[in-house]
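S.K.: Below is one structure. I have some questions about it.
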Amino acid sequence: MGKTVQPTLLHSCAKASSASELLFRVQYPNSRHRRALFLGLDDAAADLIRSQPAIASQPVYRLAADAPNQLTLSDERGTVGHLEALISAHDLVLMVSTNASQDQAAAGIYDTARSHNIMVNWIILHQQPGRRPQVANQIFTKDPDIIATTIDALRIGDL
């Protein structure tokens, strides 16, 4: 008769998440700002990311057209660097693609990010078949406005 039953959600879910997962989901006044690597897998995707006012001061990278599977990135100024060298300064990768031509490179980006324990989010603005690595979050949509919503939700916009 004296046994107290707690609802499952009040107890289990609080213990189910790791501290690192919690940082991405809980917003509180002193939560830290994400250091995101913005990566367009094609020219149209890079342009869509650059058009977001919330990240106007942050660099947007594009896979180098001559060797996309080597994970060479270039920014809007033409500065070229390898993903391995750039990724260590970030704790999140936001990839956007508008066609399936770079899906194989996306898998390499995911593998590199995971080897550094960096979360990957991929917004896919096409419905073509292709390899889809198991990233933390995949969004399939035809609505490019989801980019702004994702930037806000992940707290990766300019301060």
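Chain identifiers are assigned as A, B, and so on, following the order in which chains appear in the structure tokens; residues are numbered from 1 within each chain, and ligands are numbered from 1 in order of appearance.
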Considering only C-alpha atoms, return as a ChimeraX atom specification whatever protein or nucleic-acid residues lie within 12 Å of Pro144 (chain A), sequence-local ones (same chain, fewer than 3 positions apart) excluded.
M.R.: /A:44-49,51-52,96-98,123-126,139-141,147-150
S.K.: Can you write out the residues you just picked, keeping C-alpha atoms, as a tab-separated table (two decimals), in the first residue's frame?
M.R.:
chain	number	residue	atom	x	y	z
A	44	ALA	CA	22.99	26.10	-54.87
A	45	ALA	CA	23.16	24.75	-51.32
A	46	ALA	CA	26.08	27.02	-50.41
A	47	ASP	CA	24.13	30.00	-51.79
A	48	LEU	CA	21.08	29.06	-49.71
A	49	ILE	CA	23.19	28.92	-46.55
A	51	SER	CA	21.47	33.87	-47.78
A	52	GLN	CA	20.60	33.23	-44.12
A	96	VAL	CA	22.84	21.26	-47.04
A	97	SER	CA	22.40	19.59	-50.43
A	98	THR	CA	20.08	20.39	-53.32
A	123	ILE	CA	19.27	19.20	-44.72
A	124	ILE	CA	18.41	17.42	-47.96
A	125	LEU	CA	16.43	19.59	-50.38
A	126	HIS	CA	15.87	16.82	-52.94
A	139	ILE	CA	15.74	16.58	-42.82
A	140	PHE	CA	14.17	15.74	-46.19
A	141	THR	CA	12.19	18.70	-47.52
A	147	ILE	CA	17.55	26.21	-43.00
A	148	ALA	CA	16.69	29.30	-40.93
A	149	THR	CA	14.59	27.22	-38.53
A	150	THR	CA	17.42	24.71	-38.07
S.K.: Tell me which protein, DNA and RNA residues are within 7 Å of region 32-38 of chain A, counting only C-alpha atoms, leaving out same-chain ones fewer than 6 positions away, and put them as a compact mmCIF listing (two decimals) with C-alpha atoms, in the first residue's frame.
M.R.:
# COMPACT_ATOMS: atom_id res chain seq x y z
CA VAL A 60 30.15 29.05 -45.56
CA TYR A 61 32.17 26.30 -47.20
CA HIS A 90 33.82 23.27 -34.57
CA ASP A 91 31.40 21.17 -32.55
CA LEU A 92 28.66 20.80 -35.15
CA VAL A 93 28.43 20.44 -38.94
CA LEU A 94 25.39 21.71 -40.83
CA MET A 95 25.35 20.27 -44.37
CA ARG A 155 21.70 27.93 -31.60
CA ILE A 156 24.31 28.34 -34.34
S.K.: Rounded to one decimal, what separation in Å do you get between CA of Ala54 (chain A) and CA of Ser115 (chain A)?
M.R.: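 CA of Ala54 (chain A) sits 28.4 Å away from CA of Ser115 (chain A).
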S.K.: Please provide as a ChimeraX atom specification all residues within 7 Å of region 74-78 of chain A, with the sequence filter that same-chain residues fewer than 3 positions apart are discarded (counting only C-alpha atoms).
M.R.: /A:59-64,81
S.K.: Which one of A:Ser57, A:Gly40, A:Ala89, A:Trp122 sits closest to Ile146 (chain A) if you count only C-alpha atoms?
M.R.: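 Answer, going by the shortest atom-to-atom distance: A:Trp122.
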S.K.: What residues in region 57-147 of chain A get the DSSP label strand (DSSP E or B)? Please answer as a list in words.
M.R.: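 So, restricting region 57-147 of chain A to strand (DSSP E or B), we get Val60, Tyr61, Arg62, Leu63, Thr72, Leu73, Ser74, Val80, Gly81, His82, Leu92, Val93, Leu94, Met95, Val96, Ser97, Met119, Val120, Asn121, Trp122, Ile123, Ile124, Asn137, Gln138, Ile139 and Phe140 of chain A.
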S.K.: May I have the selected residues written with C-alpha atoms, as an mmCIF file, in the first residue's frame?
M.R.:
data_model
loop_
_atom_site.group_PDB
_atom_site.id
_atom_site.type_symbol
_atom_site.label_atom_id
_atom_site.label_comp_id
_atom_site.auth_asym_id
_atom_site.auth_seq_id
_atom_site.Cartn_x
_atom_site.Cartn_y
_atom_site.Cartn_z
ATOM 1 C CA VAL A 60 30.153 29.055 -45.563
ATOM 2 C CA TYR A 61 32.172 26.296 -47.200
ATOM 3 C CA ARG A 62 31.559 24.378 -50.400
ATOM 4 C CA LEU A 63 33.046 21.102 -51.551
ATOM 5 C CA THR A 72 38.591 19.652 -49.921
ATOM 6 C CA LEU A 73 36.547 22.715 -48.999
ATOM 7 C CA SER A 74 36.595 26.281 -50.267
ATOM 8 C CA VAL A 80 40.879 26.149 -49.813
ATOM 9 C CA GLY A 81 41.372 23.758 -46.920
ATOM 10 C CA HIS A 82 40.850 20.111 -46.068
ATOM 11 C CA LEU A 92 28.656 20.801 -35.151
ATOM 12 C CA VAL A 93 28.433 20.444 -38.945
ATOM 13 C CA LEU A 94 25.392 21.708 -40.832
ATOM 14 C CA MET A 95 25.354 20.274 -44.371
ATOM 15 C CA VAL A 96 22.845 21.262 -47.036
ATOM 16 C CA SER A 97 22.405 19.589 -50.431
ATOM 17 C CA MET A 119 27.460 16.181 -34.473
ATOM 18 C CA VAL A 120 26.300 16.306 -38.106
ATOM 19 C CA ASN A 121 22.972 17.685 -39.343
ATOM 20 C CA TRP A 122 22.068 17.294 -43.003
ATOM 21 C CA ILE A 123 19.267 19.200 -44.724
ATOM 22 C CA ILE A 124 18.414 17.420 -47.965
ATOM 23 C CA ASN A 137 19.607 14.591 -37.951
ATOM 24 C CA GLN A 138 18.457 14.281 -41.552
ATOM 25 C CA ILE A 139 15.745 16.578 -42.825
ATOM 26 C CA PHE A 140 14.167 15.742 -46.189
#
S.K.: Please determine, counting only C-alpha atoms, which residue among A:Pro53, A:Gln58, A:Leu71, A:Ser88 has the shortest atom-to-atom distance to His116 (chain A).
M.R.: A:Ser88
S.K.: Report the distance between CA of Gln104 (chain A) and CA of Asp145 (chain A) in Å, rounded to one decimal place.
M.R.: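 Between CA of Gln104 (chain A) and CA of Asp145 (chain A) the gap works out to 24.9 Å.
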S.K.: Quick one: of A:Leu154, A:Ala106, A:Leu41, A:Asn99, who's nearest to Lys142 (chain A), counting only C-alpha atoms?
M.R.: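 Once distances to Lys142 (chain A) are computed over only C-alpha atoms, the minimum belongs to A:Asn99.
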